[in-house]
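**Q** Sharing upload_30.txt (compact mmCIF, C-alpha atoms) below.
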# COMPACT_ATOMS: atom_id res chain seq x y z
CA MET G 1 -21.51 50.60 11.70
CA THR G 2 -24.48 48.43 12.52
CA LYS G 3 -25.22 46.63 15.77
CA ILE G 4 -25.53 42.86 15.42
CA THR G 5 -26.24 40.47 18.28
CA TYR G 6 -24.98 36.91 18.16
CA ILE G 7 -26.46 34.53 20.73
CA GLU G 8 -24.50 31.37 21.38
CA ASN G 9 -26.29 28.08 21.89
CA ASN G 10 -25.62 28.33 25.64
CA GLY G 11 -27.38 31.70 25.73
CA LYS G 12 -24.31 33.91 25.89
CA GLU G 13 -24.91 37.14 23.98
CA HIS G 14 -22.38 39.16 22.01
CA THR G 15 -23.44 42.54 20.65
CA VAL G 16 -20.88 44.10 18.34
CA ASP G 17 -20.64 46.93 15.82
CA VAL G 18 -20.06 45.62 12.33
CA GLN G 19 -19.01 47.75 9.42
CA ASN G 20 -21.66 48.09 6.72
CA GLY G 21 -20.85 46.06 3.64
CA LEU G 22 -19.31 43.19 5.57
CA THR G 23 -21.29 40.01 6.05
CA VAL G 24 -22.75 38.82 9.35
CA MET G 25 -20.22 35.96 9.16
CA GLU G 26 -17.29 38.38 8.82
CA GLY G 27 -18.64 40.39 11.75
CA ALA G 28 -18.45 37.27 13.91
CA VAL G 29 -14.99 36.22 12.72
CA GLN G 30 -13.49 39.71 13.15
CA ASN G 31 -14.86 39.93 16.68
CA ASP G 32 -13.74 36.42 17.67
CA ILE G 33 -17.26 35.28 18.38
CA PRO G 34 -17.19 31.55 19.00
CA GLY G 35 -19.53 29.29 17.07
CA ILE G 36 -18.99 30.52 13.51
CA ASP G 37 -16.35 28.44 11.72
CA ALA G 38 -16.64 29.77 8.15
CA ASP G 39 -14.28 27.12 6.81
CA CYS G 40 -14.65 28.14 3.17
CA GLY G 41 -14.17 31.83 3.87
CA GLY G 42 -17.55 32.99 2.62
CA SER G 43 -17.86 31.34 -0.77
CA MET G 44 -21.08 29.53 0.19
CA ALA G 45 -19.37 26.18 -0.07
CA CYS G 46 -19.32 24.73 3.44
CA ALA G 47 -22.34 25.60 5.64
CA THR G 48 -20.20 26.22 8.73
CA CYS G 49 -21.39 29.81 9.31
CA HIS G 50 -24.93 28.55 9.85
CA VAL G 51 -27.26 30.67 12.05
CA TYR G 52 -30.94 30.72 12.98
CA VAL G 53 -32.91 33.94 12.53
CA LYS G 54 -36.18 34.35 14.41
CA ASP G 55 -39.31 35.05 12.35
CA ASP G 56 -39.57 38.81 12.82
CA TRP G 57 -36.01 39.30 11.60
CA TYR G 58 -36.06 36.43 9.10
CA ASN G 59 -38.74 38.14 7.06
CA LYS G 60 -36.90 41.48 7.07
CA LEU G 61 -33.74 40.04 5.51
CA ASP G 62 -33.19 39.87 1.78
CA GLU G 63 -34.33 36.57 0.34
CA LYS G 64 -31.95 33.66 0.29
CA SER G 65 -29.75 33.58 -2.77
CA GLU G 66 -29.86 30.71 -5.19
CA GLY G 67 -27.97 27.77 -3.81
CA GLU G 68 -28.06 28.88 -0.17
CA ASP G 69 -30.75 26.35 0.70
CA ASP G 70 -28.77 23.65 -1.06
CA MET G 71 -25.88 24.36 1.27
CA ILE G 72 -28.17 24.57 4.31
CA ASP G 73 -29.22 20.98 3.55
CA GLN G 74 -25.69 20.13 4.59
CA ALA G 75 -25.59 22.25 7.72
CA TYR G 76 -25.66 20.88 11.25
CA ASP G 77 -29.25 20.70 12.48
CA PRO G 78 -30.92 22.87 9.83
CA LYS G 79 -34.29 24.43 10.63
CA LYS G 80 -36.90 26.41 8.76
CA ASN G 81 -35.27 29.66 9.86
CA SER G 82 -31.72 28.66 8.99
CA ARG G 83 -29.46 31.06 7.12
CA LEU G 84 -25.81 31.15 6.16
CA SER G 85 -24.38 34.22 7.82
CA CYS G 86 -21.92 34.74 4.95
CA GLN G 87 -24.90 35.53 2.74
CA ILE G 88 -26.35 38.29 4.94
CA THR G 89 -24.82 41.67 4.16
CA VAL G 90 -24.67 44.20 6.98
CA SER G 91 -26.40 47.54 6.35
CA ASP G 92 -28.43 50.15 8.26
CA LYS G 93 -31.51 48.18 7.26
CA ILE G 94 -30.64 45.39 9.70
CA GLU G 95 -29.56 47.55 12.67
CA GLY G 96 -30.12 45.44 15.77
CA LEU G 97 -30.28 42.07 13.97
CA ILE G 98 -30.21 39.08 16.30
CA VAL G 99 -28.88 35.74 15.09
CA HIS G 100 -28.83 32.50 17.09
CA LEU G 101 -25.93 30.10 16.73
CA PRO G 102 -26.47 26.35 16.48
CA GLU G 103 -25.01 23.97 19.06
CA LYS G 104 -22.09 23.45 16.70
CA GLN G 105 -21.18 23.83 13.06
CA VAL G 106 -19.78 20.40 12.21
CA MET Q 107 7.89 1.13 3.77
CA ILE Q 108 8.29 3.83 1.12
CA LYS Q 109 11.35 6.07 1.23
CA THR Q 110 10.93 9.46 -0.39
CA ASP Q 111 12.52 12.92 -0.36
CA ALA Q 112 9.21 14.54 0.54
CA LEU Q 113 5.66 13.51 1.34
CA ILE Q 114 2.83 15.85 0.45
CA ILE Q 115 -0.41 15.62 2.39
CA GLY Q 116 -3.26 16.93 0.25
CA ALA Q 117 -3.84 16.73 -3.51
CA GLY Q 118 -5.46 20.13 -3.93
CA PRO Q 119 -3.97 22.82 -6.18
CA THR Q 120 -1.28 23.76 -3.66
CA GLY Q 121 -0.19 20.15 -3.09
CA LEU Q 122 -0.08 19.52 -6.84
CA PHE Q 123 2.05 22.55 -7.65
CA THR Q 124 4.33 21.83 -4.69
CA ALA Q 125 4.95 18.38 -6.20
CA HIS Q 126 5.82 20.09 -9.48
CA GLN Q 127 8.33 22.32 -7.74
CA LEU Q 128 9.93 19.39 -5.91
CA LYS Q 129 10.35 17.43 -9.12
CA ILE Q 130 11.73 20.43 -10.99
CA ILE Q 131 14.56 20.72 -8.49
CA GLY Q 132 15.23 16.99 -8.61
CA LEU Q 133 13.47 15.66 -5.50
CA ASP Q 134 10.98 12.84 -5.56
CA CYS Q 135 7.70 12.86 -3.69
CA HIS Q 136 4.46 11.03 -2.99
CA ILE Q 137 1.04 12.58 -2.44
CA VAL Q 138 -1.58 11.30 0.00
CA ASP Q 139 -5.20 12.46 0.03
CA ASN Q 140 -8.24 11.34 2.00
CA LEU Q 141 -10.57 11.94 -0.95
CA ASP Q 142 -11.00 9.42 -3.74
CA LYS Q 143 -9.96 11.94 -6.37
CA ILE Q 144 -7.34 14.56 -7.09
CA GLY Q 145 -8.19 18.25 -6.72
CA GLY Q 146 -9.10 18.94 -3.09
CA GLN Q 147 -11.62 21.70 -2.42
CA CYS Q 148 -11.57 22.72 -6.11
CA ILE Q 149 -13.06 19.38 -7.06
CA GLU Q 150 -15.07 18.61 -3.96
CA LEU Q 151 -16.62 22.00 -3.27
CA TYR Q 152 -16.69 23.99 -6.49
CA PRO Q 153 -15.81 21.95 -9.61
CA ASP Q 154 -18.14 24.09 -11.76
CA LYS Q 155 -17.64 27.48 -10.17
CA PRO Q 156 -15.46 29.89 -12.12
CA ILE Q 157 -12.27 31.25 -10.53
CA TYR Q 158 -11.04 34.63 -11.75
CA ASP Q 159 -7.81 35.23 -9.85
CA ILE Q 160 -5.30 32.69 -11.09
CA PRO Q 161 -2.50 34.73 -12.70
CA ALA Q 162 -2.57 34.57 -16.50
CA ILE Q 163 -5.80 32.55 -16.50
CA PRO Q 164 -8.67 35.05 -16.80
CA GLU Q 165 -11.32 32.47 -15.96
CA CYS Q 166 -11.37 28.75 -15.21
CA THR Q 167 -13.43 26.35 -13.12
CA GLY Q 168 -12.12 24.31 -10.20
CA GLU Q 169 -12.19 21.26 -12.42
CA GLU Q 170 -10.29 22.92 -15.26
CA LEU Q 171 -7.64 24.21 -12.87
CA THR Q 172 -7.19 20.73 -11.45
CA LYS Q 173 -6.94 19.16 -14.90
CA ASN Q 174 -4.27 21.64 -15.93
CA LEU Q 175 -2.26 21.10 -12.77
CA ILE Q 176 -2.39 17.33 -13.32
CA LYS Q 177 -1.27 17.88 -16.91
CA GLN Q 178 1.63 19.97 -15.69
CA LEU Q 179 2.69 17.03 -13.51
CA GLU Q 180 2.49 14.43 -16.29
CA PRO Q 181 6.22 14.31 -17.06
CA PHE Q 182 6.94 13.31 -13.47
CA LYS Q 183 4.72 10.24 -12.98
CA ILE Q 184 3.96 11.06 -9.38
CA LYS Q 185 2.49 8.38 -7.17
CA PHE Q 186 -0.84 9.35 -5.58
CA HIS Q 187 -2.25 7.54 -2.56
CA LEU Q 188 -5.93 8.41 -2.66
CA ASN Q 189 -8.60 7.36 -0.16
CA GLU Q 190 -5.93 7.38 2.52
CA ARG Q 191 -5.71 9.69 5.48
CA VAL Q 192 -2.41 10.38 7.19
CA ASP Q 193 -3.00 9.33 10.76
CA GLU Q 194 0.43 9.37 12.35
CA VAL Q 195 3.59 11.42 11.96
CA LYS Q 196 6.43 10.36 14.25
CA LYS Q 197 10.02 11.45 14.55
CA ASP Q 198 12.56 8.78 13.60
CA ASN Q 199 16.08 10.21 14.03
CA SER Q 200 16.46 12.72 11.21
CA ASN Q 201 13.42 11.38 9.38
CA TRP Q 202 9.68 11.42 9.84
CA GLU Q 203 7.79 8.18 9.90
CA VAL Q 204 4.32 8.60 8.46
CA LYS Q 205 1.47 6.11 8.63
CA THR Q 206 -1.83 6.28 6.74
CA SER Q 207 -5.28 4.89 7.50
CA ASN Q 208 -4.60 2.06 5.04
CA GLY Q 209 -1.37 1.13 6.79
CA THR Q 210 0.96 2.59 4.14
CA LYS Q 211 4.22 3.71 5.75
CA PHE Q 212 6.57 6.39 4.54
CA VAL Q 213 9.99 7.44 5.75
CA THR Q 214 10.97 10.93 4.69
CA PRO Q 215 12.97 13.91 5.93
CA ASN Q 216 10.24 16.27 4.67
CA VAL Q 217 6.49 16.32 5.25
CA ILE Q 218 4.57 19.07 3.48
CA ILE Q 219 1.05 19.62 4.77
CA ALA Q 220 -1.09 21.06 1.98
CA GLY Q 221 -4.28 20.01 3.66
CA GLY Q 222 -6.59 22.94 2.91
CA VAL Q 223 -8.95 23.06 5.86
CA GLY Q 224 -8.28 19.51 6.90
CA SER Q 225 -9.67 16.26 5.65
CA PHE Q 226 -13.15 15.78 4.29
CA GLU Q 227 -15.39 13.63 6.46
CA PRO Q 228 -19.07 12.81 6.02
CA ARG Q 229 -21.42 15.11 7.91
CA LYS Q 230 -23.36 13.15 10.49
CA PHE Q 231 -26.84 13.26 12.05
CA PRO Q 232 -27.06 15.77 14.91
CA LEU Q 233 -28.80 13.15 17.06
CA LYS Q 234 -26.38 11.63 19.62
CA GLU Q 235 -28.12 8.22 19.74
CA CYS Q 236 -27.18 7.68 16.11
CA GLU Q 237 -23.62 6.92 17.20
CA ASN Q 238 -24.81 3.67 18.81
CA PHE Q 239 -25.81 2.32 15.43
CA GLU Q 240 -23.07 3.83 13.30
CA ASN Q 241 -21.35 1.35 10.98
CA LYS Q 242 -23.78 -1.34 12.11
CA SER Q 243 -27.16 -0.29 10.78
CA LEU Q 244 -26.53 3.40 10.16
CA PHE Q 245 -24.07 4.47 7.47
CA TYR Q 246 -22.77 7.62 5.80
CA SER Q 247 -21.48 5.80 2.73
CA ILE Q 248 -22.17 2.46 1.10
CA LYS Q 249 -19.33 0.03 0.74
CA ASP Q 250 -21.31 -3.10 -0.08
CA LYS Q 251 -24.84 -2.62 -1.37
CA LYS Q 252 -25.52 -6.37 -1.26
CA VAL Q 253 -26.25 -6.27 2.48
CA LEU Q 254 -29.12 -3.87 1.77
CA GLU Q 255 -30.90 -6.21 -0.64
CA GLY Q 256 -34.43 -7.14 0.38
CA LYS Q 257 -34.22 -4.86 3.42
CA THR Q 258 -35.93 -1.62 4.35
CA VAL Q 259 -33.51 1.23 3.80
CA SER Q 260 -34.25 4.77 4.95
CA ILE Q 261 -32.23 7.43 3.18
CA PHE Q 262 -31.84 10.99 4.49
CA GLY Q 263 -30.65 13.87 2.31
CA GLY Q 264 -31.57 15.83 -0.79
CA GLY Q 265 -28.46 15.89 -2.95
CA ASP Q 266 -27.12 13.66 -5.68
CA SER Q 267 -25.79 10.95 -3.35
CA ALA Q 268 -29.11 10.55 -1.55
CA LEU Q 269 -31.13 10.59 -4.77
CA ASP Q 270 -28.82 8.32 -6.76
CA TRP Q 271 -28.86 5.73 -4.00
CA ALA Q 272 -32.63 6.01 -3.54
CA VAL Q 273 -33.11 5.24 -7.25
CA GLU Q 274 -30.51 2.47 -7.27
CA LEU Q 275 -31.64 0.75 -4.07
CA SER Q 276 -35.34 0.94 -4.97
CA LYS Q 277 -34.66 -1.92 -7.41
CA ASN Q 278 -34.00 -4.46 -4.66
CA SER Q 279 -34.92 -2.84 -1.35
CA LYS Q 280 -37.84 -1.05 0.24
CA VAL Q 281 -36.76 2.59 0.23
CA ASN Q 282 -37.84 5.55 2.36
CA LEU Q 283 -36.41 8.90 1.28
CA ILE Q 284 -36.58 11.68 3.85
CA HIS Q 285 -35.56 15.29 3.20
CA ARG Q 286 -35.91 18.51 5.16
CA ARG Q 287 -37.63 20.45 2.39
CA ASP Q 288 -39.64 19.93 -0.81
CA GLU Q 289 -36.86 20.90 -3.20
CA PHE Q 290 -34.01 18.56 -4.01
CA ARG Q 291 -30.63 19.81 -5.12
CA GLY Q 292 -29.70 16.80 -7.27
CA ALA Q 293 -29.50 16.62 -11.06
CA LYS Q 294 -32.91 17.30 -12.61
CA ALA Q 295 -33.12 13.92 -14.34
CA THR Q 296 -32.55 12.15 -11.02
CA VAL Q 297 -35.06 14.34 -9.19
CA ASP Q 298 -37.67 13.52 -11.86
CA LYS Q 299 -36.86 9.83 -11.56
CA VAL Q 300 -37.32 9.95 -7.78
CA HIS Q 301 -40.74 11.59 -8.15
CA GLU Q 302 -41.71 9.02 -10.76
CA LEU Q 303 -40.65 6.13 -8.50
CA ALA Q 304 -42.52 7.75 -5.61
CA LYS Q 305 -45.69 7.80 -7.72
CA LEU Q 306 -45.22 4.13 -8.55
CA GLY Q 307 -44.83 3.39 -4.85
CA LYS Q 308 -41.22 2.23 -5.25
CA ILE Q 309 -39.92 5.01 -3.03
CA ASN Q 310 -41.76 6.34 0.01
CA LEU Q 311 -41.07 10.03 -0.02
CA PHE Q 312 -41.20 12.15 3.15
CA THR Q 313 -40.38 15.81 2.66
CA LYS Q 314 -40.16 18.56 5.28
CA TYR Q 315 -39.26 15.83 7.78
CA GLN Q 316 -36.09 15.38 9.79
CA LEU Q 317 -34.81 12.57 11.97
CA SER Q 318 -35.85 13.03 15.61
CA GLY Q 319 -35.23 9.62 17.18
CA VAL Q 320 -33.76 6.17 16.64
CA LYS Q 321 -34.71 3.02 18.56
CA GLY Q 322 -33.35 -0.48 18.81
CA SER Q 323 -31.17 -2.59 21.05
CA ASP Q 324 -28.36 -4.16 19.13
CA HIS Q 325 -29.87 -3.54 15.74
CA LEU Q 326 -31.85 -0.55 14.63
CA GLU Q 327 -35.58 -1.26 14.77
CA ASN Q 328 -37.39 1.97 14.06
CA PHE Q 329 -36.93 5.69 13.92
CA GLU Q 330 -38.98 8.80 14.35
CA ILE Q 331 -39.18 11.73 11.98
CA THR Q 332 -40.66 15.13 12.72
CA HIS Q 333 -42.37 17.39 10.21
CA GLU Q 334 -41.76 21.11 10.01
CA ASN Q 335 -45.22 21.51 11.61
CA LYS Q 336 -44.10 19.26 14.54
CA GLU Q 337 -46.16 16.22 13.52
CA THR Q 338 -44.22 12.99 14.04
CA LYS Q 339 -44.14 9.58 12.39
CA THR Q 340 -42.47 6.34 13.46
CA LEU Q 341 -41.15 4.10 10.71
CA LYS Q 342 -39.66 0.61 10.81
CA THR Q 343 -36.34 0.16 9.11
CA ASP Q 344 -33.36 -2.16 8.83
CA TYR Q 345 -30.87 0.47 7.76
CA ILE Q 346 -30.49 4.24 7.83
CA LEU Q 347 -28.27 6.08 5.37
CA GLY Q 348 -27.35 9.74 5.79
CA PHE Q 349 -26.02 11.79 2.88
CA PHE Q 350 -25.43 15.37 4.03
CA GLY Q 351 -22.26 16.13 2.11
CA LEU Q 352 -18.79 16.46 3.54
CA ILE Q 353 -17.30 18.62 6.22
CA MET Q 354 -13.70 19.53 6.74
CA GLN Q 355 -11.95 18.53 9.92
CA LEU Q 356 -8.38 19.11 10.97
CA GLY Q 357 -8.41 15.53 12.24
CA PRO Q 358 -5.16 13.84 13.29
CA ILE Q 359 -3.03 16.87 12.24
CA ALA Q 360 -3.95 18.37 15.61
CA ASN Q 361 -1.90 15.64 17.33
CA TRP Q 362 1.43 16.13 15.61
CA GLY Q 363 2.87 18.66 18.00
CA LEU Q 364 2.50 21.62 15.67
CA ASN Q 365 1.78 25.17 16.79
CA LEU Q 366 -1.81 25.84 15.79
CA ASP Q 367 -3.84 29.01 15.53
CA LYS Q 368 -7.49 27.93 15.49
CA LYS Q 369 -7.61 25.49 12.58
CA THR Q 370 -4.42 26.68 10.89
CA ILE Q 371 -0.73 25.87 11.33
CA GLU Q 372 1.83 28.56 12.13
CA VAL Q 373 4.78 28.75 9.72
CA ASP Q 374 7.70 31.05 8.93
CA THR Q 375 7.65 32.85 5.60
CA GLU Q 376 11.10 31.80 4.42
CA LYS Q 377 10.70 28.03 4.36
CA PHE Q 378 7.05 27.68 5.37
CA GLU Q 379 8.31 25.36 8.05
CA THR Q 380 6.29 24.69 11.20
CA ASN Q 381 7.75 24.55 14.70
CA GLN Q 382 8.87 21.00 13.81
CA LYS Q 383 11.96 20.78 11.63
CA GLY Q 384 11.13 19.12 8.32
CA ILE Q 385 7.38 19.63 8.59
CA TYR Q 386 6.02 22.39 6.41
CA ALA Q 387 2.53 23.76 5.87
CA VAL Q 388 1.40 25.48 2.68
CA GLY Q 389 -1.87 26.73 1.21
CA ASP Q 390 -5.05 27.43 3.15
CA ILE Q 391 -3.92 25.42 6.17
CA CYS Q 392 -0.93 27.63 7.02
CA THR Q 393 -0.95 30.98 8.73
CA TYR Q 394 1.54 33.85 9.10
CA PRO Q 395 1.21 37.62 9.31
CA GLY Q 396 -0.50 38.81 6.14
CA LYS Q 397 -1.63 35.35 5.01
CA LEU Q 398 -4.07 35.41 2.10
CA LYS Q 399 -6.17 32.34 1.42
CA LEU Q 400 -5.69 32.47 -2.32
CA ILE Q 401 -4.62 29.67 -4.61
CA LEU Q 402 -1.79 31.82 -5.92
CA SER Q 403 -0.42 32.24 -2.40
CA GLY Q 404 -0.40 28.46 -2.05
CA PHE Q 405 1.69 28.18 -5.22
CA HIS Q 406 4.26 30.63 -3.85
CA GLU Q 407 4.38 28.89 -0.48
CA GLY Q 408 4.82 25.49 -2.13
CA ALA Q 409 7.67 26.73 -4.30
CA LEU Q 410 9.59 27.98 -1.27
CA ALA Q 411 8.82 24.93 0.88
CA ALA Q 412 10.10 22.70 -1.95
CA ARG Q 413 13.47 24.54 -1.93
CA ALA Q 414 13.63 24.16 1.84
CA CYS Q 415 13.14 20.39 1.45
CA PHE Q 416 16.28 20.19 -0.65
CA ARG Q 417 18.71 20.78 2.22
CA LEU Q 418 17.24 17.91 4.29
CA ALA Q 419 16.78 15.52 1.35
CA LYS Q 420 20.26 16.09 -0.09
CA PRO Q 421 22.37 17.43 2.79
CA ASN Q 422 25.62 16.98 0.85
CA GLU Q 423 24.54 18.88 -2.24
CA LYS Q 424 24.05 22.55 -2.73
CA TYR Q 425 20.79 23.78 -4.20
CA ARG Q 426 21.32 25.95 -7.24
CA PHE Q 427 18.56 28.17 -8.55
CA GLU Q 428 17.75 27.66 -12.22
CA PHE Q 429 15.12 28.89 -14.68
CA THR Q 430 12.94 26.43 -16.57
CA THR Q 431 13.49 28.51 -19.71
CA SER Q 432 17.24 27.92 -19.77
CA SER Q 433 18.24 24.98 -17.57
CA LYS Q 434 19.18 21.83 -19.44
CA THR Q 435 18.86 19.78 -16.23
CA ILE Q 436 15.29 20.95 -15.71
CA LYS Q 437 14.41 20.35 -19.33
CA ASP Q 438 15.73 16.81 -19.00
CA ARG Q 439 13.54 16.29 -15.95
CA LEU Q 440 10.56 17.58 -17.89
CA GLY Q 441 11.45 15.36 -20.82
CA VAL Q 442 11.57 18.26 -23.24
CA LYS Q 443 14.27 19.01 -25.80
CA SER Q 444 16.90 21.59 -24.92
CA ASP Q 445 17.68 24.18 -27.59
Please rewrite the model in this file as structure tokens.

**A**
Amino acid sequence: MTKITYIENNGKEHTVDVQNGLTVMEGAVQNDIPGIDADCGGSMACATCHVYVKDDWYNKLDEKSEGEDDMIDQAYDPKKNSRLSCQITVSDKIEGLIVHLPEKQV
Amino acid sequence: MIKTDALIIGAGPTGLFTAHQLKIIGLDCHIVDNLDKIGGQCIELYPDKPIYDIPAIPECTGEELTKNLIKQLEPFKIKFHLNERVDEVKKDNSNWEVKTSNGTKFVTPNVIIAGGVGSFEPRKFPLKECENFENKSLFYSIKDKKVLEGKTVSIFGGGDSALDWAVELSKNSKVNLIHRRDEFRGAKATVDKVHELAKLGKINLFTKYQLSGVKGSDHLENFEITHENKETKTLKTDYILGFFGLIMQLGPIANWGLNLDKKTIEVDTEKFETNQKGIYAVGDICTYPGKLKLILSGFHEGALAARACFRLAKPNEKYRFEFTTSSKTIKDRLGVKSD
């Protein structure tokens, strides 16, 4: 189990324990955290599990996979620190990760 | 007004196989889809990605799967209504009256929703002010490129649509192309062409910029873009085009009085019927305990929903289960020779 904090656009924080091996997207869906739609179910085909990761954490995550940036082009309000949460795998390495949710996904 | 035994909403794999199952048991059907082509998510989202979990097909792409499903439907000459979204579903005695965005009307006892995750709509600019200019001087698709001739057109996006239109419109319009990063995700030949046209001054290229403001009264006059490093530019333009791909929205389905769970429709697992008699939901859009969002589950759900349609379409006949391997009636429907 790894602690992940999701911060909604209105500032509301949700800190939950997510099983290692799941993705940050799945952690949100399983814990009913609002703001992650994940329409395509994690196949990197929809950009509706879009999150922002602040610099200190952004650089600690594994690099974006091929194609992730292509999908982020289609996300709502993409920024330099945008990630798709379905492409971030939960492990001890990211204990305490904080992700910020955009105003909306679509 | 089209009368039919069943209307299928959605031409993805589940909708296609459901049509097959309806025709096999002797019911006719029409299929409506908001996209301009058959195949649903398989074609729109992952035409080239391999799928490995279709029974008896070790590997195939979304496009191949779609082609094979269409081939399987060939004997039945099914009528597709593409580029049409179902907007209204209303009760009319024992039938449902269905109206599409193009004004096509259907009367049917059975409506099967195979809508995936809803209908595909263009993704829009996050900026609220953009709505004021939408469909006047700001567009998410081009219906008539003539109006853009001789004008300044500012295109946002980095995929094939944005690049193809930038190249095409640069022939007769002044084109600005704005994208949030340096890399483009379009076909390499098109990306090269864009860079070449940019060098020749035919396309003004702005990368690492995003739209941050639009100004104008009735017509759009100028807009502001902001660089990753916060620097801003104001550019004059006649038109803005945004190409950010498609998103899926439940859309009008939410207004049909169906029991919903988030973006999915609750069904039983015998008939895959919703809380409304004669309206069924199959494939990714339906939910029930244990639901798996797999294409194969959609096939199973469609087969059962098709059988359930029989009793409302032909209330005076009894449905009899038959195998395609041995039934002469089914072979006749398929147009193949019986042994």

**Q** Kindly indicate which residue among Q:Leu317, Q:Val204, Q:Ile163, Q:Leu347 lies nearest to chain G, using only C-alpha atoms for the distances.

**A**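 The answer is Q:Leu317, which sits nearest to chain G.
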
**Q** Determine, for each residue of chain Q having at least one atom at most 9 Å from an atom of chain G, the closest pair of atoms and their separation in Å to one decimal, counting only C-alpha atoms; order by chain and ascending number, as JSON lines.

**A**
{"residue": "Q:Leu151", "atom": "CA", "partner": "G:Ala45", "partner_atom": "CA", "distance": 5.9}
{"residue": "Q:Tyr152", "atom": "CA", "partner": "G:Ala45", "partner_atom": "CA", "distance": 7.3}
{"residue": "Q:Val223", "atom": "CA", "partner": "G:Asp39", "partner_atom": "CA", "distance": 6.8}
{"residue": "Q:Arg229", "atom": "CA", "partner": "G:Val106", "partner_atom": "CA", "distance": 7.0}
{"residue": "Q:Lys230", "atom": "CA", "partner": "G:Tyr76", "partner_atom": "CA", "distance": 8.1}
{"residue": "Q:Phe231", "atom": "CA", "partner": "G:Tyr76", "partner_atom": "CA", "distance": 7.8}
{"residue": "Q:Pro232", "atom": "CA", "partner": "G:Asp77", "partner_atom": "CA", "distance": 5.9}
{"residue": "Q:Leu233", "atom": "CA", "partner": "G:Asp77", "partner_atom": "CA", "distance": 8.8}
{"residue": "Q:Gly263", "atom": "CA", "partner": "G:Asp73", "partner_atom": "CA", "distance": 7.4}
{"residue": "Q:Gly264", "atom": "CA", "partner": "G:Asp73", "partner_atom": "CA", "distance": 7.1}
{"residue": "Q:Gly265", "atom": "CA", "partner": "G:Asp70", "partner_atom": "CA", "distance": 8.0}
{"residue": "Q:His285", "atom": "CA", "partner": "G:Asp73", "partner_atom": "CA", "distance": 8.5}
{"residue": "Q:Arg286", "atom": "CA", "partner": "G:Asp73", "partner_atom": "CA", "distance": 7.3}
{"residue": "Q:Arg287", "atom": "CA", "partner": "G:Asp73", "partner_atom": "CA", "distance": 8.5}
{"residue": "Q:Glu289", "atom": "CA", "partner": "G:Asp70", "partner_atom": "CA", "distance": 8.8}
{"residue": "Q:Phe290", "atom": "CA", "partner": "G:Asp70", "partner_atom": "CA", "distance": 7.9}
{"residue": "Q:Arg291", "atom": "CA", "partner": "G:Asp70", "partner_atom": "CA", "distance": 5.9}
{"residue": "Q:Glu334", "atom": "CA", "partner": "G:Lys80", "partner_atom": "CA", "distance": 7.3}
{"residue": "Q:Phe349", "atom": "CA", "partner": "G:Gln74", "partner_atom": "CA", "distance": 8.5}
{"residue": "Q:Phe350", "atom": "CA", "partner": "G:Gln74", "partner_atom": "CA", "distance": 4.8}
{"residue": "Q:Gly351", "atom": "CA", "partner": "G:Gln74", "partner_atom": "CA", "distance": 5.8}
{"residue": "Q:Leu352", "atom": "CA", "partner": "G:Gln74", "partner_atom": "CA", "distance": 7.9}
{"residue": "Q:Ile353", "atom": "CA", "partner": "G:Val106", "partner_atom": "CA", "distance": 6.7}
{"residue": "Q:Met354", "atom": "CA", "partner": "G:Asp39", "partner_atom": "CA", "distance": 7.6}
{"residue": "Q:Gln355", "atom": "CA", "partner": "G:Val106", "partner_atom": "CA", "distance": 8.4}
{"residue": "Q:Lys369", "atom": "CA", "partner": "G:Asp39", "partner_atom": "CA", "distance": 9.0}
{"residue": "Q:Lys399", "atom": "CA", "partner": "G:Gly41", "partner_atom": "CA", "distance": 8.4}

**Q** Neighbouring residues of Gly21 of chain G were defined as those with any atom within 9 Å, considering only C-alpha atoms; residues of the same chain fewer than 4 positions away were excluded. Please report them as a JSON list (two decimals) with C-alpha atoms, keeping the file's coordinate frame.

**A**
[["chain", "number", "residue", "atom", "x", "y", "z"],
["G", 89, "THR", "CA", -24.82, 41.67, 4.16],
["G", 90, "VAL", "CA", -24.67, 44.20, 6.98],
["G", 91, "SER", "CA", -26.40, 47.54, 6.35]]

**Q** For Asn361 of chain Q, please output as a list of chain:residue names all residues within 10 Å (counting all atoms listed in the file; exclusion window: fewer than 6 positions along the same chain).

**A** Q:Asp193, Q:Glu194, Q:Val195

**Q** Could you tell me which of Q:Ser200, Q:Ser243, Q:Asn422, Q:Ser260 comes closest to Leu311 of chain Q if we count all atoms listed in the file?

**A**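 Answer, going by the shortest atom-to-atom distance: Q:Ser260.
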
**Q** Quick one: residues within 12 Å of Leu303 of chain Q, all atoms listed in the file counted, chain neighbours fewer than 6 positions away excluded, as a ChimeraX atom specification?

**A** /Q:269,272-277,280-283,296-297,309-311

**Q** Just how far from atom CA of Gly404 of chain Q is atom CA of Gly441 of chain Q, in Å to one decimal?

**A**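 If I compute the distance from atom CA of Gly441 of chain Q to atom CA of Gly404 of chain Q, I get 25.8 Å.
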
**Q** Please determine, counting all atoms listed in the file, which residue among G:Leu97, G:Leu22, G:Ile88, G:Val51 has the shortest atom-to-atom distance to Glu63 of chain G.

**A**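 Smallest separation from Glu63 of chain G among the options: G:Ile88.
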
**Q** Between atom CA of Ile144 of chain Q and atom CA of Gly118 of chain Q, measure the distance and give it in Å to one decimal.

**A**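 Atom-to-atom, atom CA of Ile144 of chain Q and atom CA of Gly118 of chain Q are spaced 6.7 Å apart.
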
**Q** Residues within 12 Å of Lys211 of chain Q, please, as a count of residues only. Count all atoms listed in the file; anything in the same chain fewer than 2 positions from it doesn't count.

**A** 25
